[in-house]
$ cat coords.cif   # mmCIF, C-alpha atoms and all ligand atoms
data_coords
loop_
_atom_site.label_atom_id
_atom_site.label_comp_id
_atom_site.auth_asym_id
_atom_site.auth_seq_id
_atom_site.Cartn_x
_atom_site.Cartn_y
_atom_site.Cartn_z
CA MET A 1 -72.52 -51.04 -0.46
CA ASN A 2 -69.45 -49.61 1.23
CA ILE A 3 -70.36 -46.40 3.02
CA LEU A 4 -67.76 -43.95 4.27
CA VAL A 5 -69.05 -42.27 7.43
CA LEU A 6 -67.47 -38.92 8.28
CA ASN A 7 -67.74 -37.02 11.55
CA CYS A 8 -65.80 -33.75 11.35
CA GLY A 9 -64.90 -31.52 14.28
CA SER A 10 -63.11 -28.18 14.09
CA SER A 11 -59.66 -29.82 14.01
CA SER A 12 -60.56 -33.49 13.82
CA LEU A 13 -62.04 -36.02 11.45
CA LYS A 14 -63.40 -39.39 12.54
CA PHE A 15 -64.30 -41.95 9.91
CA GLN A 16 -65.59 -45.47 9.48
CA LEU A 17 -65.96 -47.57 6.37
CA ILE A 18 -69.00 -49.82 6.75
CA ALA A 19 -70.30 -52.49 4.40
CA THR A 20 -74.09 -52.47 4.55
CA ASP A 21 -77.23 -52.74 2.43
CA LEU A 22 -80.94 -53.38 3.05
CA GLU A 23 -80.46 -57.08 3.54
CA ARG A 24 -77.58 -56.61 5.96
CA ILE A 25 -79.59 -53.99 7.86
CA ASP A 26 -82.49 -56.45 8.22
CA ARG A 27 -80.22 -59.25 9.37
CA ASP A 28 -77.98 -57.02 11.48
CA THR A 29 -74.93 -58.24 9.56
CA ASP A 30 -73.43 -54.87 8.58
CA ARG A 31 -69.65 -55.02 8.75
CA GLU A 32 -67.14 -52.41 9.85
CA LEU A 33 -64.17 -52.59 7.45
CA ALA A 34 -61.98 -49.83 8.85
CA ARG A 35 -62.09 -46.86 11.17
CA GLY A 36 -59.87 -44.03 12.32
CA VAL A 37 -59.42 -40.58 13.76
CA VAL A 38 -57.33 -37.66 12.52
CA GLU A 39 -56.61 -35.15 15.27
CA ARG A 40 -54.91 -31.75 15.25
CA ILE A 41 -55.73 -30.96 11.64
CA GLY A 42 -54.02 -27.67 10.78
CA SER A 43 -50.61 -28.65 12.13
CA GLU A 44 -48.74 -31.94 12.54
CA ALA A 45 -51.81 -34.18 12.57
CA ILE A 46 -51.99 -37.41 14.53
CA LEU A 47 -53.72 -40.33 12.83
CA THR A 48 -55.05 -43.44 14.54
CA LEU A 49 -56.12 -46.00 11.97
CA ARG A 50 -57.44 -49.53 12.20
CA VAL A 51 -58.54 -52.15 9.75
CA GLU A 52 -61.05 -54.61 11.16
CA GLY A 53 -59.31 -57.43 13.01
CA ARG A 54 -55.83 -55.89 12.88
CA PRO A 55 -53.74 -53.82 15.29
CA VAL A 56 -54.13 -50.06 15.52
CA GLN A 57 -51.63 -47.96 13.54
CA ARG A 58 -50.52 -44.55 14.74
CA LEU A 59 -49.01 -42.05 12.31
CA ALA A 60 -48.22 -38.35 12.09
CA ALA A 61 -48.50 -36.21 8.96
CA PRO A 62 -48.65 -32.48 8.25
CA LEU A 63 -52.30 -31.98 7.20
CA ARG A 64 -53.41 -28.41 6.56
CA ASP A 65 -57.15 -28.83 6.37
CA HIS A 66 -60.05 -31.31 6.21
CA ARG A 67 -59.54 -31.80 2.47
CA GLN A 68 -55.94 -32.90 3.00
CA ALA A 69 -57.01 -35.13 5.88
CA LEU A 70 -59.65 -36.82 3.72
CA ASP A 71 -57.17 -37.28 0.84
CA TYR A 72 -54.74 -38.91 3.24
CA ILE A 73 -57.35 -41.27 4.67
CA LEU A 74 -58.58 -42.30 1.24
CA ARG A 75 -55.04 -43.02 0.01
CA TRP A 76 -54.55 -45.15 3.10
CA LEU A 77 -57.88 -46.97 2.77
CA VAL A 78 -57.15 -48.11 -0.79
CA SER A 79 -53.45 -48.86 -0.21
CA ALA A 80 -51.98 -52.33 -0.37
CA GLU A 81 -50.51 -51.67 3.07
CA ALA A 82 -53.92 -51.14 4.71
CA ALA A 83 -55.34 -54.09 2.73
CA VAL A 84 -58.94 -53.32 3.62
CA PRO A 85 -60.98 -56.35 2.47
CA GLU A 86 -62.37 -55.84 -1.04
CA VAL A 87 -61.24 -52.20 -1.14
CA SER A 88 -58.44 -51.48 -3.62
CA SER A 89 -59.62 -48.30 -5.30
CA LEU A 90 -61.95 -45.37 -4.64
CA ALA A 91 -64.58 -47.10 -6.75
CA ALA A 92 -65.11 -49.46 -3.80
CA ILE A 93 -66.68 -46.58 -1.84
CA GLN A 94 -70.25 -46.13 -3.04
CA ALA A 95 -71.54 -43.35 -0.79
CA VAL A 96 -70.66 -41.00 2.04
CA GLY A 97 -72.70 -40.36 5.20
CA HIS A 98 -72.01 -37.24 7.24
CA ARG A 99 -72.79 -36.54 10.83
CA VAL A 100 -74.23 -33.04 11.01
CA VAL A 101 -74.88 -31.61 14.44
CA HIS A 102 -77.68 -29.10 13.85
CA GLY A 103 -80.52 -29.39 11.37
CA GLY A 104 -82.69 -26.69 12.94
CA GLU A 105 -86.46 -26.92 12.54
CA LYS A 106 -86.41 -27.76 8.85
CA LEU A 107 -83.98 -30.67 8.52
CA THR A 108 -85.86 -33.23 10.58
CA ARG A 109 -84.88 -36.37 8.62
CA SER A 110 -81.69 -37.78 7.18
CA ILE A 111 -81.39 -36.46 3.65
CA LEU A 112 -79.33 -36.71 0.46
CA ILE A 113 -77.07 -33.69 0.17
CA ASP A 114 -77.47 -31.21 -2.69
CA ASP A 115 -76.81 -27.47 -2.96
CA ALA A 116 -80.16 -26.62 -1.34
CA VAL A 117 -79.44 -28.89 1.65
CA ILE A 118 -76.01 -27.33 2.06
CA GLU A 119 -77.65 -23.91 2.18
CA GLN A 120 -80.04 -25.11 4.85
CA ILE A 121 -77.15 -26.51 6.90
CA GLU A 122 -75.40 -23.15 6.49
CA ASP A 123 -78.54 -21.44 7.76
CA CYS A 124 -78.15 -23.44 10.99
CA ILE A 125 -74.60 -22.21 11.59
CA GLU A 126 -75.86 -19.48 13.92
CA LEU A 127 -77.51 -22.19 16.03
CA ALA A 128 -74.35 -24.34 16.15
CA PRO A 129 -71.39 -22.08 15.44
CA LEU A 130 -68.97 -24.53 17.02
CA HIS A 131 -70.13 -27.58 15.06
CA ASN A 132 -71.91 -27.00 11.74
CA PRO A 133 -68.98 -25.18 10.06
CA ALA A 134 -66.75 -28.23 10.67
CA ASN A 135 -69.44 -30.58 9.36
CA LEU A 136 -69.73 -28.41 6.24
CA LYS A 137 -65.96 -28.58 5.73
CA GLY A 138 -66.22 -32.38 5.67
CA ILE A 139 -69.08 -32.21 3.16
CA ALA A 140 -67.16 -29.81 0.92
CA ALA A 141 -64.04 -31.96 1.06
CA ALA A 142 -65.96 -35.13 0.18
CA ARG A 143 -67.78 -33.41 -2.69
CA GLU A 144 -64.46 -32.21 -4.10
CA VAL A 145 -62.80 -35.59 -3.82
CA PHE A 146 -65.65 -37.82 -4.98
CA GLY A 147 -67.41 -35.46 -7.40
CA PRO A 148 -71.14 -35.53 -8.11
CA GLY A 149 -71.28 -39.22 -9.00
CA ILE A 150 -71.26 -40.43 -5.38
CA PRO A 151 -74.35 -39.85 -3.24
CA GLN A 152 -73.82 -38.20 0.11
CA ALA A 153 -76.28 -38.05 2.98
CA ALA A 154 -76.52 -35.85 6.07
CA VAL A 155 -77.69 -37.34 9.38
CA PHE A 156 -78.53 -34.81 12.08
CA ASP A 157 -78.03 -35.02 15.86
CA THR A 158 -81.15 -32.92 16.28
CA SER A 159 -83.63 -34.70 14.02
CA PHE A 160 -84.74 -37.45 16.44
CA HIS A 161 -85.98 -34.72 18.77
CA SER A 162 -88.20 -33.05 16.15
CA THR A 163 -91.13 -34.95 17.71
CA MET A 164 -90.89 -32.97 20.96
CA PRO A 165 -94.13 -31.11 21.72
CA PRO A 166 -94.08 -27.33 22.36
CA GLU A 167 -94.27 -27.79 26.12
CA SER A 168 -90.94 -29.60 25.86
CA PHE A 169 -89.17 -27.45 23.28
CA LEU A 170 -90.27 -23.91 24.17
CA TYR A 171 -88.40 -21.86 26.73
CA ALA A 172 -90.50 -19.63 28.95
CA LEU A 173 -89.13 -16.53 27.25
CA PRO A 174 -91.31 -14.04 25.37
CA TYR A 175 -92.93 -16.06 22.58
CA GLN A 176 -91.88 -13.50 19.96
CA LEU A 177 -88.26 -14.55 20.45
CA TYR A 178 -89.17 -18.04 19.26
CA VAL A 179 -91.09 -16.65 16.30
CA ARG A 180 -88.33 -14.22 15.38
CA TYR A 181 -85.19 -16.29 15.96
CA ARG A 182 -86.31 -19.87 16.61
CA VAL A 183 -84.93 -19.71 20.14
CA ARG A 184 -86.01 -23.10 21.53
CA ARG A 185 -84.77 -26.49 22.70
CA TYR A 186 -83.49 -28.65 19.85
CA GLY A 187 -81.63 -31.40 21.71
CA PHE A 188 -78.63 -33.44 20.52
CA HIS A 189 -77.30 -37.04 20.63
CA GLY A 190 -80.39 -37.97 18.58
CA THR A 191 -78.53 -40.50 16.43
CA SER A 192 -77.32 -42.26 19.56
CA TYR A 193 -80.82 -42.33 21.06
CA ARG A 194 -82.30 -43.73 17.85
CA TYR A 195 -79.67 -46.45 17.81
CA VAL A 196 -80.13 -47.57 21.41
CA ALA A 197 -83.93 -47.44 21.17
CA HIS A 198 -83.70 -49.70 18.12
CA ARG A 199 -81.33 -52.05 19.95
CA TYR A 200 -83.71 -52.14 22.94
CA ARG A 201 -86.51 -53.18 20.60
CA GLN A 202 -84.35 -55.89 19.06
CA LEU A 203 -83.52 -57.30 22.49
CA THR A 204 -87.00 -57.12 23.96
CA GLY A 205 -89.19 -57.63 20.89
CA ARG A 206 -91.16 -54.51 21.81
CA PRO A 207 -92.88 -52.70 18.94
CA LEU A 208 -92.07 -49.06 18.26
CA GLU A 209 -95.30 -47.76 19.80
CA GLU A 210 -94.51 -49.56 23.06
CA THR A 211 -90.96 -48.27 23.40
CA ASN A 212 -91.15 -46.27 26.62
CA ILE A 213 -87.64 -45.77 27.90
CA LEU A 214 -85.38 -43.25 29.51
CA ALA A 215 -81.96 -43.15 27.86
CA LEU A 216 -78.83 -41.52 29.29
CA HIS A 217 -75.99 -40.77 26.89
CA LEU A 218 -73.02 -40.16 29.19
CA GLY A 219 -69.83 -39.40 27.27
CA ASN A 220 -67.80 -36.21 27.12
CA GLY A 221 -71.10 -34.59 26.31
CA CYS A 222 -73.98 -35.88 28.42
CA SER A 223 -77.74 -35.81 28.01
CA ILE A 224 -80.88 -37.73 28.88
CA CYS A 225 -83.90 -38.41 26.68
CA ALA A 226 -87.44 -39.47 27.51
CA ILE A 227 -88.52 -41.75 24.67
CA ARG A 228 -92.28 -42.34 24.66
CA SER A 229 -93.96 -44.53 22.04
CA GLY A 230 -90.59 -44.69 20.27
CA GLU A 231 -90.31 -40.92 19.91
CA SER A 232 -88.38 -38.22 21.71
CA LEU A 233 -90.70 -36.55 24.20
CA GLU A 234 -88.08 -34.39 25.88
CA THR A 235 -84.31 -34.17 26.17
CA SER A 236 -81.97 -32.22 28.42
CA MET A 237 -79.70 -30.46 25.93
CA GLY A 238 -81.24 -27.27 24.67
CA MET A 239 -80.76 -24.74 21.90
CA THR A 240 -77.08 -25.65 22.24
CA PRO A 241 -75.46 -28.68 23.89
CA ALA A 242 -74.64 -26.63 27.00
CA GLU A 243 -77.90 -27.26 28.90
CA GLY A 244 -78.84 -30.12 31.19
CA LEU A 245 -76.54 -32.66 32.77
CA VAL A 246 -73.03 -31.99 34.10
CA MET A 247 -70.54 -32.92 31.35
CA GLY A 248 -66.78 -33.24 30.90
CA THR A 249 -66.20 -29.52 30.41
CA ARG A 250 -69.74 -28.08 30.25
CA SER A 251 -71.68 -26.84 33.26
CA GLY A 252 -75.11 -28.00 32.15
CA ASP A 253 -78.02 -26.21 33.88
CA LEU A 254 -77.12 -22.83 35.29
CA ASP A 255 -79.04 -19.82 36.52
CA PRO A 256 -78.62 -17.57 33.45
CA LEU A 257 -77.92 -14.52 35.62
CA VAL A 258 -74.76 -16.12 37.01
CA LEU A 259 -73.21 -15.09 33.69
CA GLU A 260 -74.23 -11.45 34.12
CA PHE A 261 -72.80 -11.53 37.66
CA LEU A 262 -69.48 -12.90 36.39
CA HIS A 263 -69.43 -10.37 33.58
CA HIS A 264 -69.51 -7.61 36.21
CA LYS A 265 -67.21 -9.26 38.74
CA GLU A 266 -64.53 -10.58 36.40
CA GLY A 267 -65.04 -8.36 33.38
CA MET A 268 -65.60 -11.43 31.24
CA SER A 269 -66.75 -10.91 27.67
CA PHE A 270 -69.48 -13.04 26.02
CA GLU A 271 -66.77 -15.05 24.26
CA GLU A 272 -65.07 -15.72 27.58
CA LEU A 273 -68.36 -16.65 29.23
CA GLU A 274 -69.13 -19.04 26.37
CA ALA A 275 -65.73 -20.68 26.80
CA LEU A 276 -66.27 -20.80 30.58
CA VAL A 277 -69.56 -22.68 30.25
CA ASN A 278 -68.52 -24.96 27.38
CA LYS A 279 -64.83 -25.65 27.98
CA ARG A 280 -63.82 -24.83 31.55
CA SER A 281 -66.73 -26.12 33.63
CA GLY A 282 -68.30 -29.51 34.36
CA LEU A 283 -66.08 -32.26 35.74
CA LEU A 284 -62.97 -30.29 34.79
CA GLY A 285 -64.14 -27.08 36.42
CA ILE A 286 -65.18 -28.66 39.71
CA SER A 287 -62.25 -31.04 40.09
CA GLY A 288 -59.61 -28.64 38.78
CA LEU A 289 -57.95 -31.80 37.45
CA THR A 290 -59.47 -33.31 34.34
CA ASN A 291 -62.63 -33.79 32.28
CA ASP A 292 -61.96 -37.53 32.06
CA MET A 293 -64.25 -39.60 34.30
CA ARG A 294 -61.91 -42.59 34.38
CA ASP A 295 -59.08 -40.42 35.73
CA LEU A 296 -61.39 -38.76 38.26
CA LEU A 297 -62.52 -42.14 39.59
CA ALA A 298 -58.86 -43.15 39.95
CA GLU A 299 -58.01 -39.89 41.77
CA GLU A 300 -60.94 -40.42 44.10
CA SER A 301 -60.15 -44.00 45.01
CA GLU A 302 -56.34 -43.95 44.95
CA HIS A 303 -55.65 -40.48 46.40
CA GLN A 304 -58.97 -39.69 48.11
CA ASP A 305 -58.98 -36.44 46.14
CA ARG A 306 -61.74 -34.33 47.66
CA ARG A 307 -62.58 -32.30 44.58
CA ALA A 308 -62.55 -35.34 42.30
CA ARG A 309 -65.16 -36.84 44.62
CA LEU A 310 -67.17 -33.62 44.61
CA ALA A 311 -67.15 -33.50 40.80
CA ILE A 312 -68.37 -37.11 40.56
CA ASP A 313 -71.00 -36.56 43.26
CA ILE A 314 -72.39 -33.48 41.49
CA PHE A 315 -72.37 -35.35 38.16
CA CYS A 316 -74.35 -38.26 39.63
CA ALA A 317 -76.75 -36.06 41.62
CA ARG A 318 -77.69 -34.11 38.49
CA ALA A 319 -78.30 -37.29 36.51
CA LYS A 320 -80.43 -38.69 39.34
CA LYS A 321 -82.46 -35.50 39.53
CA TYR A 322 -83.21 -35.70 35.81
CA ILE A 323 -84.20 -39.36 36.05
CA GLY A 324 -86.84 -38.42 38.61
CA ALA A 325 -88.06 -35.45 36.58
CA TYR A 326 -88.22 -37.34 33.31
CA LEU A 327 -89.94 -40.38 34.81
CA ALA A 328 -92.63 -37.98 36.00
CA ARG A 329 -92.71 -36.27 32.60
CA MET A 330 -93.42 -39.56 30.83
CA ASN A 331 -95.56 -41.25 33.52
CA GLY A 332 -92.91 -43.89 34.22
CA ALA A 333 -90.74 -45.94 31.88
CA ASP A 334 -90.26 -49.64 31.20
CA ALA A 335 -86.50 -49.32 31.15
CA ILE A 336 -83.54 -47.03 31.70
CA VAL A 337 -80.72 -47.38 29.17
CA PHE A 338 -77.13 -46.29 29.79
CA THR A 339 -74.84 -45.52 26.84
CA GLY A 340 -71.81 -43.35 25.88
CA GLY A 341 -68.25 -43.79 27.16
CA ILE A 342 -69.18 -43.39 30.84
CA GLY A 343 -72.58 -45.08 30.64
CA GLU A 344 -71.13 -48.10 28.85
CA ASN A 345 -67.94 -48.48 30.86
CA SER A 346 -68.42 -47.33 34.42
CA PRO A 347 -70.32 -49.64 36.79
CA GLU A 348 -69.40 -47.25 39.61
CA ILE A 349 -71.13 -44.25 38.03
CA ARG A 350 -74.18 -46.33 37.09
CA ARG A 351 -74.34 -47.59 40.67
CA ARG A 352 -74.10 -44.09 42.15
CA ILE A 353 -76.72 -42.62 39.81
CA CYS A 354 -79.21 -45.41 40.54
CA ALA A 355 -78.55 -45.65 44.29
CA GLU A 356 -81.57 -44.98 46.50
CA LEU A 357 -84.08 -44.95 43.68
CA ASP A 358 -85.82 -48.05 45.00
CA PHE A 359 -88.94 -45.97 45.68
CA LEU A 360 -89.24 -45.69 41.88
CA GLY A 361 -88.74 -49.43 41.39
CA ILE A 362 -85.12 -49.04 40.26
CA ALA A 363 -82.64 -51.56 41.69
CA VAL A 364 -79.16 -52.33 40.32
CA ASP A 365 -77.82 -55.89 40.65
CA PRO A 366 -74.18 -55.36 41.79
CA ALA A 367 -72.76 -58.47 40.11
CA ARG A 368 -74.53 -57.88 36.79
CA ASN A 369 -73.54 -54.22 36.87
CA GLU A 370 -69.84 -55.01 37.49
CA SER A 371 -69.80 -57.53 34.68
CA ILE A 372 -70.80 -55.09 31.94
CA SER A 373 -68.26 -52.72 30.38
CA GLY A 374 -65.90 -52.54 27.40
CA GLY A 375 -68.54 -52.74 24.69
CA LEU A 376 -70.70 -55.47 26.27
CA GLU A 377 -74.46 -55.06 26.38
CA GLY A 378 -76.96 -56.43 28.83
CA GLU A 379 -79.21 -55.94 31.81
CA ILE A 380 -77.89 -54.63 35.11
CA GLY A 381 -81.09 -54.52 37.17
CA THR A 382 -82.15 -57.08 39.78
CA GLU A 383 -84.84 -59.60 38.85
CA GLY A 384 -87.26 -57.57 40.96
CA SER A 385 -86.38 -54.16 39.50
CA ARG A 386 -89.70 -52.79 38.23
CA VAL A 387 -87.88 -50.54 35.79
CA ARG A 388 -85.49 -52.71 33.74
CA LEU A 389 -81.94 -51.38 33.54
CA TYR A 390 -79.79 -51.85 30.42
CA VAL A 391 -76.33 -50.98 29.18
CA LEU A 392 -76.47 -50.70 25.39
CA PRO A 393 -73.30 -49.52 23.61
CA THR A 394 -74.18 -46.88 21.06
CA ASN A 395 -73.12 -46.97 17.42
CA GLU A 396 -73.85 -43.67 15.76
CA GLU A 397 -71.65 -44.44 12.75
CA LEU A 398 -73.61 -47.58 11.97
CA LEU A 399 -76.87 -45.68 12.07
CA ILE A 400 -75.43 -42.99 9.77
CA ALA A 401 -74.31 -45.68 7.29
CA ARG A 402 -77.75 -47.33 7.41
CA ASP A 403 -79.57 -44.01 6.95
CA THR A 404 -77.32 -43.26 3.98
CA VAL A 405 -78.38 -46.52 2.35
CA ARG A 406 -82.04 -45.78 3.09
CA CYS A 407 -81.73 -42.25 1.67
CA ILE A 408 -80.14 -43.55 -1.53
CA LEU A 409 -82.77 -46.23 -2.03
CA ASP A 410 -85.54 -43.94 -0.85
CA VAL A 411 -86.70 -46.43 1.77
CA PRO A 412 -88.79 -44.84 4.50
CA ARG A 413 -87.16 -44.89 7.91
CA ARG A 414 -88.88 -47.39 10.14
CA TRP A 415 -87.25 -46.41 13.41
P1 LIG A 501 -67.35 -38.56 23.30
O1 LIG A 501 -68.55 -37.91 23.91
O2 LIG A 501 -66.22 -37.61 23.05
O3 LIG A 501 -67.65 -39.50 22.16
P2 LIG A 501 -67.06 -40.94 24.92
O4 LIG A 501 -68.46 -41.36 24.68
O5 LIG A 501 -65.96 -41.80 24.39
O6 LIG A 501 -66.76 -39.46 24.47
O7 LIG A 501 -66.88 -40.81 26.51
C1 LIG A 501 -65.72 -40.33 27.07
C2 LIG A 501 -65.85 -40.43 28.58
O8 LIG A 501 -66.01 -41.81 28.92
C3 LIG A 501 -64.62 -39.94 29.33
O9 LIG A 501 -65.02 -39.18 30.46
C4 LIG A 501 -63.97 -41.22 29.77
O10 LIG A 501 -63.20 -41.08 30.94
C5 LIG A 501 -65.18 -42.07 30.04
N1 LIG A 501 -64.82 -43.48 30.17
C6 LIG A 501 -64.34 -44.32 29.23
N2 LIG A 501 -64.05 -45.52 29.79
C7 LIG A 501 -64.33 -45.42 31.11
C8 LIG A 501 -64.26 -46.30 32.24
N3 LIG A 501 -63.80 -47.55 32.11
N4 LIG A 501 -64.66 -45.84 33.44
C9 LIG A 501 -65.11 -44.59 33.58
N5 LIG A 501 -65.21 -43.72 32.58
C10 LIG A 501 -64.83 -44.12 31.36
#
$ encode --input "coords.cif" --output "structure tokens"
Amino acid sequence: MNILVLNCGSSSLKFQLIATDLERIDRDTDRELARGVVERIGSEAILTLRVEGRPVQRLAAPLRDHRQALDYILRWLVSAEAAVPEVSSLAAIQAVGHRVVHGGEKLTRSILIDDAVIEQIEDCIELAPLHNPANLKGIAAAREVFGPGIPQAAVFDTSFHSTMPPESFLYALPYQLYVRYRVRRYGFHGTSYRYVAHRYRQLTGRPLEETNILALHLGNGCSICAIRSGESLETSMGMTPAEGLVMGTRSGDLDPLVLEFLHHKEGMSFEELEALVNKRSGLLGISGLTNDMRDLLAEESEHQDRRARLAIDIFCARAKKYIGAYLARMNGADAIVFTGGIGENSPEIRRRICAELDFLGIAVDPARNESISGGLEGEIGTEGSRVRLYVLPTNEELLIARDTVRCILDVPRRW
């Protein structure tokens, strides 16, 4: 089956076309046929497109909305010019899998999309006002283009964390606020955590019940997840993705009354405070330069930029603090897994986060650590490191494609 995976943001659309089925899933022989990103939807959009094994193409086109963006991509995918293997018409696409950020308390599994599911996703808009509306636009566009004959599945960032117990997901606010509004921790990056936990099991031969790992997804958004017996025990993002680790533009943990203080001092509205915490803080806010870790590392080493260093130090200190807290929360872990753009590609950040954790049995092997980036996977701990250390590149799109197949065939999820 060829599955089109869509991941829609407010003005962007990422896609992958993946050939997979139950046999390929079992043998790990799924194949990516094409992938791309459309950015700046709503004006002169920029498209970056690639067919497997060929050079990247960059194009610009005026695309008004997600529907137009999807039409454009589909025309390209089936064109003679793209020449995607075995894809020459829309009939070659058998299903669509959508990344949906928030499934709330009810959507705790990947699911085939029908009108009732769309309503439930709409009900979660108030929990994820920045994300779910864009995901719904992608679903609407795909339903219009493909019609009812093509199955579509929704895969939620939150669902992996539905196993968290109340002592992990409840905030210490008056309990009635949870009952009334479902104010609680939901957690995100769940698709990524499921993927790396599965990969860890493949590499180590561990069964699900013995998967006790701490995973750090460090990308533009950053979080950490304690995975005990293969399930999410606790994760650092909260009711929204703003809580927890320091991120590219998000502050992560913050005394909530700082916002009230700033409201009085600077006359900032709630909208402005939301933008402050989500878009102007984190690495960008501290450095005053950029949210991009690679650029910050370059500024630090080439120009000895003081605030770039401070931003990186605060980022690493927060991650280290959470490692200690979460190892206590789960009574130790067999392994720590790094993933996401920073986790996969930056030996320097991994080194700084893990430095001076030898009392916990965590020891990075410098040569192994340096040798792993750019999509490679492997161990970076010393032989003697009691907690094994892994870099495992994530692949959320692949997991979405696989879940779509499993939803269509009604195969229970095994991991
Ligand atoms: P997103 O969360 O948007 O999917 P990614 O997972 O791609 O983002 O992560 C983006 C982050 O990864 C950026 O901060 C980027 O600088 C960082 N990154 C990518 N490559 C490197 C590298 N070689 N060294 C350090 N940071 C890197």
$ closest_residue --input "coords.cif" --among "A:Lys137, A:Lys14, A:Arg413, A:His263" --to "ligand LIG 501 (chain A)" --atoms "all atoms listed in the file"
A:Lys14
$ residues_around --input "coords.cif" --residues "segment 176-184 of chain A" --least-positions-apart "4" --cutoff "12 Å" --atoms "only C-alpha atoms" --output "VMD selection string"
chain A and resid 104 to 106 123 to 124 126 to 127 161 to 162 164 to 172 237 to 240 243
$ residues_near_ligand --input "coords.cif" --ligand "ligand LIG 501 (chain A)" --cutoff "10 Å" --atoms "only C-alpha atoms and all ligand atoms" --output "ChimeraX atom specification"
/A:189,217-222,247-249,283,290-298,339-350,373-375,393-394,396
$ residues_around --input "coords.cif" --residues "Asp115 of chain A" --least-positions-apart "4" --cutoff "12 Å" --atoms "only C-alpha atoms" --output "list in words"
Glu119, Gln120, Ile121, Glu122, Leu136, Ile139, Ala140, Arg143, Pro148 and Gln152 of chain A
$ atom_distance --input "coords.cif" --atom1 "atom CA of Leu6 of chain A" --atom2 "atom CA of Ile111 of chain A"
14.9 Å
$ atom_distance --input "coords.cif" --atom1 "atom CA of Leu398 of chain A" --atom2 "atom CA of Leu59 of chain A"
25.2 Å
$ atom_distance --input "coords.cif" --atom1 "atom CA of Glu266 of chain A" --atom2 "atom CA of Leu284 of chain A"
19.8 Å
$ axis_aligned_box --input "coords.cif" --around "segment 182-187 of chain A" --padding-each-side "6 Å" --output "JSON"
{"center_x": -84.0, "center_y": -25.6, "center_z": 19.7, "size_x": 16.7, "size_y": 23.7, "size_z": 18.1}
$ residues_near_point --input "coords.cif" --point "(-90.4, -43.8, 21.4)" --cutoff "10 Å" --atoms "only C-alpha atoms" --output "PyMOL selection string"
chain A and resi 160+163+193-194+197-198+207-214+225-233+415
$ residues_around --input "coords.cif" --residues "Asp157 of chain A" --least-positions-apart "2" --cutoff "9 Å" --atoms "all atoms listed in the file" --output "list of chain:residue names"
A:Arg99, A:Val100, A:Val101, A:His102, A:Gly103, A:Val155, A:Ser159, A:Phe160, A:His161, A:Gly187, A:Phe188, A:His189, A:Gly190, A:Thr191, A:Ser192
$ write_last_selection --input "coords.cif" --atoms "C-alpha atoms" --output "CSV table (one decimal), in the coordinates of the input"
chain,number,residue,atom,x,y,z
A,99,ARG,CA,-72.8,-36.5,10.8
A,100,VAL,CA,-74.2,-33.0,11.0
A,101,VAL,CA,-74.9,-31.6,14.4
A,102,HIS,CA,-77.7,-29.1,13.8
A,103,GLY,CA,-80.5,-29.4,11.4
A,155,VAL,CA,-77.7,-37.3,9.4
A,159,SER,CA,-83.6,-34.7,14.0
A,160,PHE,CA,-84.7,-37.4,16.4
A,161,HIS,CA,-86.0,-34.7,18.8
A,187,GLY,CA,-81.6,-31.4,21.7
A,188,PHE,CA,-78.6,-33.4,20.5
A,189,HIS,CA,-77.3,-37.0,20.6
A,190,GLY,CA,-80.4,-38.0,18.6
A,191,THR,CA,-78.5,-40.5,16.4
A,192,SER,CA,-77.3,-42.3,19.6
$ residues_around --input "coords.cif" --residues "Ser89 of chain A" --least-positions-apart "5" --cutoff "9 Å" --atoms "all atoms listed in the file" --output "PDB file with C-alpha atoms, in the coordinates of the input"
ATOM      1  CA  LEU A  74     -58.580 -42.300   1.240  1.00  0.00           C
ATOM      2  CA  ARG A  75     -55.040 -43.020   0.010  1.00  0.00           C
ATOM      3  CA  LEU A  77     -57.880 -46.970   2.770  1.00  0.00           C
ATOM      4  CA  VAL A  78     -57.150 -48.110  -0.790  1.00  0.00           C
ATOM      5  CA  SER A  79     -53.450 -48.860  -0.210  1.00  0.00           C
TER       6      SER A  79
END
$ closest_residue --input "coords.cif" --among "A:Gly138, A:Gly36, A:Gly285, A:Gly252" --to "Arg318 of chain A" --atoms "all atoms listed in the file"
A:Gly252
$ closest_residue --input "coords.cif" --among "A:Leu13, A:Ala333, A:Leu310, A:Val117" --to "Ala141 of chain A" --atoms "all atoms listed in the file"
A:Leu13
$ residues_around --input "coords.cif" --residues "Ala355 of chain A" --least-positions-apart "3" --cutoff "12 Å" --atoms "all atoms listed in the file" --output "list of chain:residue names"
A:Asp313, A:Cys316, A:Ala317, A:Ala319, A:Lys320, A:Lys321, A:Ile323, A:Pro347, A:Glu348, A:Ile349, A:Arg350, A:Arg351, A:Arg352, A:Asp358, A:Phe359, A:Leu360, A:Gly361, A:Ile362, A:Ala363, A:Val364, A:Asp365, A:Pro366, A:Gly381
